[in-house]
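Heads up: the structure comes next, in structure tokens.
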Amino acid sequence: KLGDLSLGAQYQGEEKYIKADGDLGKKISFGMSMKDFEYKTLSGYLRTVDFTHRETDSFIIASIDAKIENLETNILISKLMFEKAGFFIRNTTPFRITGPLEDLEIEEVYFDGETVNFSASGKIKDFKPELKAKGTIFPRMIDMIYPAGFSGVDGRAYFDITYREDKLFGDIKISEISYRLNDPQIVFRDLNGLITFNDRDWEIKNLRGFAGSGQLVVSGQGKLFPMNEAVIDIRATNLTGRHYLAGDFGLSASVKAILLEGERFSLSGDIELRNMEFAQPLSIDSELFKLIGQLSREQAVEKEIDNPVSLDLKITGRNNLRVRTNLLTAELVFDAMVSGTSRKPDITGNLLLRNGSIQYKQNDFSIQRGIITFEDGG
């Protein structure tokens with residue numbers, strides 16, 4: 001609530017002069033005057049003291065002293081602060097926006113915060129903004145805003161960006177970024193690369209780093225405003241991580257993700273799993289069976305999913321894959337194709353079990369070789 005509104009106005013008929021002023025609570029005051037109903041004679045002011053606008057877990061605080069006289073504008077902004085989930089950005093010194101209404105100049109101002117420091121300047125010509133910003137992003141607080149997805153985020157990103165006429169120019173330089181993906185657990189470190197913007201085009205250039213004990217390379221390009229086209233290539237070599245069901249694992253992959261018009265996605269490429277041992281005890285209450293049951297129920301329930309991802313993935317596993325449980329012990333080799341969509345995937349291929357055993361009711365059965373075949377629609 002802003003408080004009570006008080007408003008006063010007067011009109012002098014002979015001179016065709018109108019004047020009004022008022023207050024909204026203790027934080028906003030305003031006034032205006034005009035002669036002969038001619039907008040060129042408009043004068044007015046707006047003052048705010050720590051005016052606060054809240055939106056769920058974020059808010060903006062502004063202290064402004066704005067004046068207009070014969071279409072000449074002089075706006076002094078002494079405080080401009082944005083805060084979300086306890087993290088803030090604020091101006092370090094007051095700054096002004098001045099000039100005629102159709103050609104405003106924004107003097108250079110410096111902002112600081114827990115996640116970003118930057119300078120900004122620009123102009124608003126014919127009510128169209130042209131803004132320039134240059135500074136440093138410190139992403140270490142991201143894991144506190146999104147604790148379920150990331151942890152241990154560190155590093156820096158340097159940006160030099162110009163925005164005008166719904167177009168973006170400049171670049172973001174990523175430097176020594178590291179973080180841990182929580183599910184599955186994969187530690188990414190020493191990520192370095194460049195993201196460039198030119199008109200409505202963006203490009204990821206040679207983003208490289210480490211993923212576990214392996215290497216990661218990402219490149220891509222796409223469109224902005226609207227962001228309805230994108231192609232991202234991801235190459236992982238000897239990536240290592242850990243999953244709560246499978247334990248430690250390794251993989252190499254070459255995957256392409258494509259965003260098409262209409263917010264449609266496709267995912268294609270090759271993935272090779274290795275060095276993985278499933279050692280969870282199997283029972284009717286095991287997490288694996290719960291997961292399989294959940295997937296089966298989702299397949300059985302008829303429901304529409306907006307924009308399912310189109311799939312064209314070759315997934316193989318030939319190197320040091322094992323199952324070691326209370327029921328089954330075996331080496332695994334598989335070669336499969338996953339097509340269709342994320343709503344209704346189709347799996348074709350073979351799963352080979354060898355050099356294993358099955359224990360059932362205190363009886364042991366040796367497995368020399370067994371093949372499970374997945375046909376279309378499997």
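In the structure tokens, the first chain shown is A, the next is B, and so on; residue numbers restart at 1 for each chain, and ligands run from 1 in the order shown.
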**Every residue of segment 161-345 of chain A that DSSP places in alpha helix (DSSP H), as a list in words** = Glu287, Leu288, Phe289, Lys290, Leu291, Ile292, Gly293, Gln294, Leu295, Ser296, Arg297, Glu298, Gln299 and Ala300 of chain A
**Request:** Find the spatial neighbours of Glu130 of chain A, counting only C-alpha atoms, within a cut-off of 9 Å - ignore same-chain residues fewer than 2 positions away - and output them as a ChimeraX atom specification.
**Result:** /A:121-125,128,132,162-165
**Fill in**
Between A:Lys173, A:Arg180, A:Arg54, A:Arg324, smallest distance to Arg140 of chain A by only C-alpha atoms belongs to A:Arg180
**Request:** Within 10 Å of Gly212 of chain A, counting only C-alpha atoms, which residues show up once you throw out same-chain ones fewer than 4 positions away? Write them as a VMD selection string, please.
**Result:** chain A and resid 180 185 to 189 216 238 to 242 250
Mind dumping the selected residues with C-alpha atoms as a JSON list (two decimals), in the first residue's frame?
```
[["chain", "number", "residue", "atom", "x", "y", "z"],
["A", 180, "ARG", "CA", 28.79, -28.84, -9.83],
["A", 185, "GLN", "CA", 26.71, -35.18, -10.05],
["A", 186, "ILE", "CA", 29.23, -33.78, -12.55],
["A", 187, "VAL", "CA", 31.91, -31.23, -11.69],
["A", 188, "PHE", "CA", 32.58, -28.70, -14.46],
["A", 189, "ARG", "CA", 35.68, -26.55, -14.11],
["A", 216, "LEU", "CA", 33.97, -30.56, -22.75],
["A", 238, "ASN", "CA", 35.90, -39.16, -21.13],
["A", 239, "LEU", "CA", 33.44, -37.21, -18.98],
["A", 240, "THR", "CA", 33.01, -38.70, -15.49],
["A", 241, "GLY", "CA", 30.29, -38.28, -12.90],
["A", 242, "ARG", "CA", 28.06, -40.04, -10.43],
["A", 250, "GLY", "CA", 31.96, -42.29, -17.64]]
```
Which residues are close to segment 317-323 of chain A, i.e. within 7 Å by only C-alpha atoms, leaving aside same-chain residues fewer than 6 positions away? Reply as a PDB file with N, CA, C and O atoms, in the first residue's frame.
```
ATOM      1  N   GLU A 272      28.324 -42.702 -25.764  1.00  0.00           N
ATOM      2  CA  GLU A 272      28.936 -43.968 -25.359  1.00  0.00           C
ATOM      3  C   GLU A 272      29.146 -43.958 -23.854  1.00  0.00           C
ATOM      4  O   GLU A 272      29.861 -43.104 -23.314  1.00  0.00           O
ATOM      5  N   LEU A 273      28.508 -44.917 -23.156  1.00  0.00           N
ATOM      6  CA  LEU A 273      28.672 -45.080 -21.717  1.00  0.00           C
ATOM      7  C   LEU A 273      29.792 -46.064 -21.423  1.00  0.00           C
ATOM      8  O   LEU A 273      29.969 -47.047 -22.151  1.00  0.00           O
ATOM      9  N   ARG A 274      30.519 -45.837 -20.316  1.00  0.00           N
ATOM     10  CA  ARG A 274      31.589 -46.764 -19.936  1.00  0.00           C
ATOM     11  C   ARG A 274      31.858 -46.637 -18.434  1.00  0.00           C
ATOM     12  O   ARG A 274      31.417 -45.687 -17.783  1.00  0.00           O
ATOM     13  N   ASN A 275      32.583 -47.625 -17.925  1.00  0.00           N
ATOM     14  CA  ASN A 275      33.061 -47.603 -16.539  1.00  0.00           C
ATOM     15  C   ASN A 275      31.926 -47.352 -15.547  1.00  0.00           C
ATOM     16  O   ASN A 275      31.987 -46.459 -14.701  1.00  0.00           O
ATOM     17  N   MET A 276      30.883 -48.171 -15.648  1.00  0.00           N
ATOM     18  CA  MET A 276      29.726 -47.992 -14.787  1.00  0.00           C
ATOM     19  C   MET A 276      29.333 -49.336 -14.187  1.00  0.00           C
ATOM     20  O   MET A 276      29.322 -50.352 -14.871  1.00  0.00           O
ATOM     21  N   GLU A 277      29.007 -49.334 -12.917  1.00  0.00           N
ATOM     22  CA  GLU A 277      28.575 -50.552 -12.241  1.00  0.00           C
ATOM     23  C   GLU A 277      27.321 -50.257 -11.429  1.00  0.00           C
ATOM     24  O   GLU A 277      27.334 -49.426 -10.515  1.00  0.00           O
ATOM     25  N   PHE A 278      26.233 -50.946 -11.796  1.00  0.00           N
ATOM     26  CA  PHE A 278      24.998 -50.810 -11.034  1.00  0.00           C
ATOM     27  C   PHE A 278      25.038 -51.817  -9.899  1.00  0.00           C
ATOM     28  O   PHE A 278      25.070 -53.025 -10.114  1.00  0.00           O
ATOM     29  N   ALA A 279      25.056 -51.316  -8.656  1.00  0.00           N
ATOM     30  CA  ALA A 279      25.228 -52.202  -7.512  1.00  0.00           C
ATOM     31  C   ALA A 279      24.151 -51.988  -6.457  1.00  0.00           C
ATOM     32  O   ALA A 279      24.359 -52.300  -5.283  1.00  0.00           O
ATOM     33  N   THR A 329      24.373 -60.757 -11.460  1.00  0.00           N
ATOM     34  CA  THR A 329      25.732 -60.254 -11.691  1.00  0.00           C
ATOM     35  C   THR A 329      26.091 -60.568 -13.138  1.00  0.00           C
ATOM     36  O   THR A 329      25.963 -61.724 -13.575  1.00  0.00           O
ATOM     37  N   ALA A 330      26.514 -59.536 -13.882  1.00  0.00           N
ATOM     38  CA  ALA A 330      26.830 -59.777 -15.295  1.00  0.00           C
ATOM     39  C   ALA A 330      27.558 -58.584 -15.876  1.00  0.00           C
ATOM     40  O   ALA A 330      27.487 -57.469 -15.362  1.00  0.00           O
ATOM     41  N   GLU A 331      28.297 -58.867 -16.973  1.00  0.00           N
ATOM     42  CA  GLU A 331      28.836 -57.795 -17.797  1.00  0.00           C
ATOM     43  C   GLU A 331      27.779 -57.394 -18.827  1.00  0.00           C
ATOM     44  O   GLU A 331      26.992 -58.224 -19.294  1.00  0.00           O
ATOM     45  N   LEU A 332      27.752 -56.108 -19.175  1.00  0.00           N
ATOM     46  CA  LEU A 332      26.758 -55.595 -20.119  1.00  0.00           C
ATOM     47  C   LEU A 332      27.444 -55.025 -21.351  1.00  0.00           C
ATOM     48  O   LEU A 332      28.487 -54.369 -21.251  1.00  0.00           O
ATOM     49  N   VAL A 333      26.833 -55.281 -22.504  1.00  0.00           N
ATOM     50  CA  VAL A 333      27.220 -54.635 -23.754  1.00  0.00           C
ATOM     51  C   VAL A 333      25.912 -54.276 -24.456  1.00  0.00           C
ATOM     52  O   VAL A 333      25.029 -55.127 -24.593  1.00  0.00           O
ATOM     53  N   PHE A 334      25.754 -53.026 -24.872  1.00  0.00           N
ATOM     54  CA  PHE A 334      24.519 -52.681 -25.558  1.00  0.00           C
ATOM     55  C   PHE A 334      24.776 -51.723 -26.708  1.00  0.00           C
ATOM     56  O   PHE A 334      25.784 -50.994 -26.743  1.00  0.00           O
ATOM     57  N   ASP A 335      23.857 -51.759 -27.652  1.00  0.00           N
ATOM     58  CA  ASP A 335      23.914 -50.907 -28.845  1.00  0.00           C
ATOM     59  C   ASP A 335      22.467 -50.584 -29.199  1.00  0.00           C
ATOM     60  O   ASP A 335      21.704 -51.470 -29.596  1.00  0.00           O
TER      61      ASP A 335
END
```
**Request:** Rounded to one decimal place, report the atom CA of Thr316 of chain A-atom CA of Gln215 of chain A distance in Å.
**Result:**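 Here the two named atoms are 19.3 Å from each other.
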**Message:** Would you compute the distance between atom CA of Arg235 of chain A and atom CA of Ala253 of chain A? Give it in Å to one decimal.
**Reply:**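 Answer for the atom CA of Arg235 of chain A to atom CA of Ala253 of chain A separation: 5.6 Å.
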What are the closest atom pairs, with distances in Å to one decimal, for all residues of segment 70-118 of chain A lying within 12 Å of segment 26-44 of chain A? Consider only C-alpha atoms, order rows by chain and residue number, and present the result as a Markdown table.
```
| residue | atom | partner | partner_atom | distance |
| --- | --- | --- | --- | --- |
| A:Asn70 | CA | A:Thr41 | CA | 5.2 |
| A:Leu71 | CA | A:Lys40 | CA | 6.1 |
| A:Glu72 | CA | A:Ser43 | CA | 8.9 |
| A:Thr73 | CA | A:Ser43 | CA | 9.5 |
| A:Asn74 | CA | A:Gly44 | CA | 10.7 |
| A:Ile75 | CA | A:Gly44 | CA | 11.5 |
| A:Pro100 | CA | A:Lys40 | CA | 11.0 |
| A:Leu101 | CA | A:Lys40 | CA | 10.7 |
```
For all heavy atoms, I'd like the residues from the last selection saved as a compact mmCIF listing (two decimals), in the first residue's frame.
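Okay, this is what ended up in out_9.txt:
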```
# COMPACT_ATOMS: atom_id res chain seq x y z
N ASN A 70 8.83 23.13 -20.56
CA ASN A 70 8.84 23.40 -22.00
C ASN A 70 9.49 22.25 -22.77
O ASN A 70 10.32 22.45 -23.65
CB ASN A 70 9.56 24.72 -22.30
CG ASN A 70 8.85 25.91 -21.66
OD1 ASN A 70 7.63 25.94 -21.57
ND2 ASN A 70 9.63 26.88 -21.20
N LEU A 71 9.09 21.02 -22.41
CA LEU A 71 9.55 19.79 -23.05
C LEU A 71 11.02 19.46 -22.79
O LEU A 71 11.55 18.50 -23.33
CB LEU A 71 9.29 19.81 -24.56
CG LEU A 71 7.84 19.99 -24.99
CD1 LEU A 71 7.71 19.87 -26.50
CD2 LEU A 71 6.93 18.98 -24.30
N GLU A 72 11.68 20.27 -21.96
CA GLU A 72 13.04 19.95 -21.53
C GLU A 72 12.98 19.16 -20.23
O GLU A 72 12.32 19.58 -19.28
CB GLU A 72 13.88 21.20 -21.34
CG GLU A 72 14.29 21.87 -22.64
CD GLU A 72 15.36 21.07 -23.38
OE1 GLU A 72 16.19 20.41 -22.70
OE2 GLU A 72 15.36 21.10 -24.62
N THR A 73 13.67 18.02 -20.21
CA THR A 73 13.57 17.09 -19.09
C THR A 73 14.86 17.07 -18.28
O THR A 73 15.96 17.11 -18.85
CB THR A 73 13.26 15.67 -19.61
OG1 THR A 73 12.08 15.70 -20.39
CG2 THR A 73 13.09 14.70 -18.47
N ASN A 74 14.70 17.02 -16.97
CA ASN A 74 15.85 16.86 -16.08
C ASN A 74 15.44 15.90 -14.97
O ASN A 74 14.63 16.24 -14.10
CB ASN A 74 16.25 18.22 -15.49
CG ASN A 74 17.57 18.13 -14.74
OD1 ASN A 74 17.95 17.08 -14.21
ND2 ASN A 74 18.29 19.23 -14.68
N ILE A 75 15.97 14.68 -15.03
CA ILE A 75 15.62 13.65 -14.08
C ILE A 75 16.87 13.28 -13.28
O ILE A 75 17.88 12.86 -13.85
CB ILE A 75 15.08 12.39 -14.78
CG1 ILE A 75 13.86 12.74 -15.65
CG2 ILE A 75 14.70 11.32 -13.77
CD1 ILE A 75 13.39 11.60 -16.52
N PRO A 100 15.59 17.15 -24.36
CA PRO A 100 14.21 17.17 -24.82
C PRO A 100 13.60 15.78 -24.78
O PRO A 100 14.31 14.78 -24.83
CB PRO A 100 14.31 17.68 -26.26
CG PRO A 100 15.74 17.81 -26.57
CD PRO A 100 16.56 17.51 -25.39
N LEU A 101 12.29 15.69 -24.68
CA LEU A 101 11.62 14.40 -24.54
C LEU A 101 11.98 13.42 -25.64
O LEU A 101 12.09 12.23 -25.41
CB LEU A 101 10.10 14.60 -24.51
CG LEU A 101 9.49 15.00 -23.16
CD1 LEU A 101 8.01 15.26 -23.32
CD2 LEU A 101 9.74 13.92 -22.12
```
**Message:** Could you list, as a PyMOL selection string, every residue within 9 Å of Phe159 of chain A, counting only C-alpha atoms and ignoring same-chain residues fewer than 5 positions away?
**Reply:** chain A and resi 118+133-137+170-174
**Prompt:** What is the distance, in Å and to one decimal place, between atom CA of Leu191 of chain A and atom CA of Lys84 of chain A?
**Reply:**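 Atom CA of Lys84 of chain A lies at a distance of 26.4 Å from atom CA of Leu191 of chain A.
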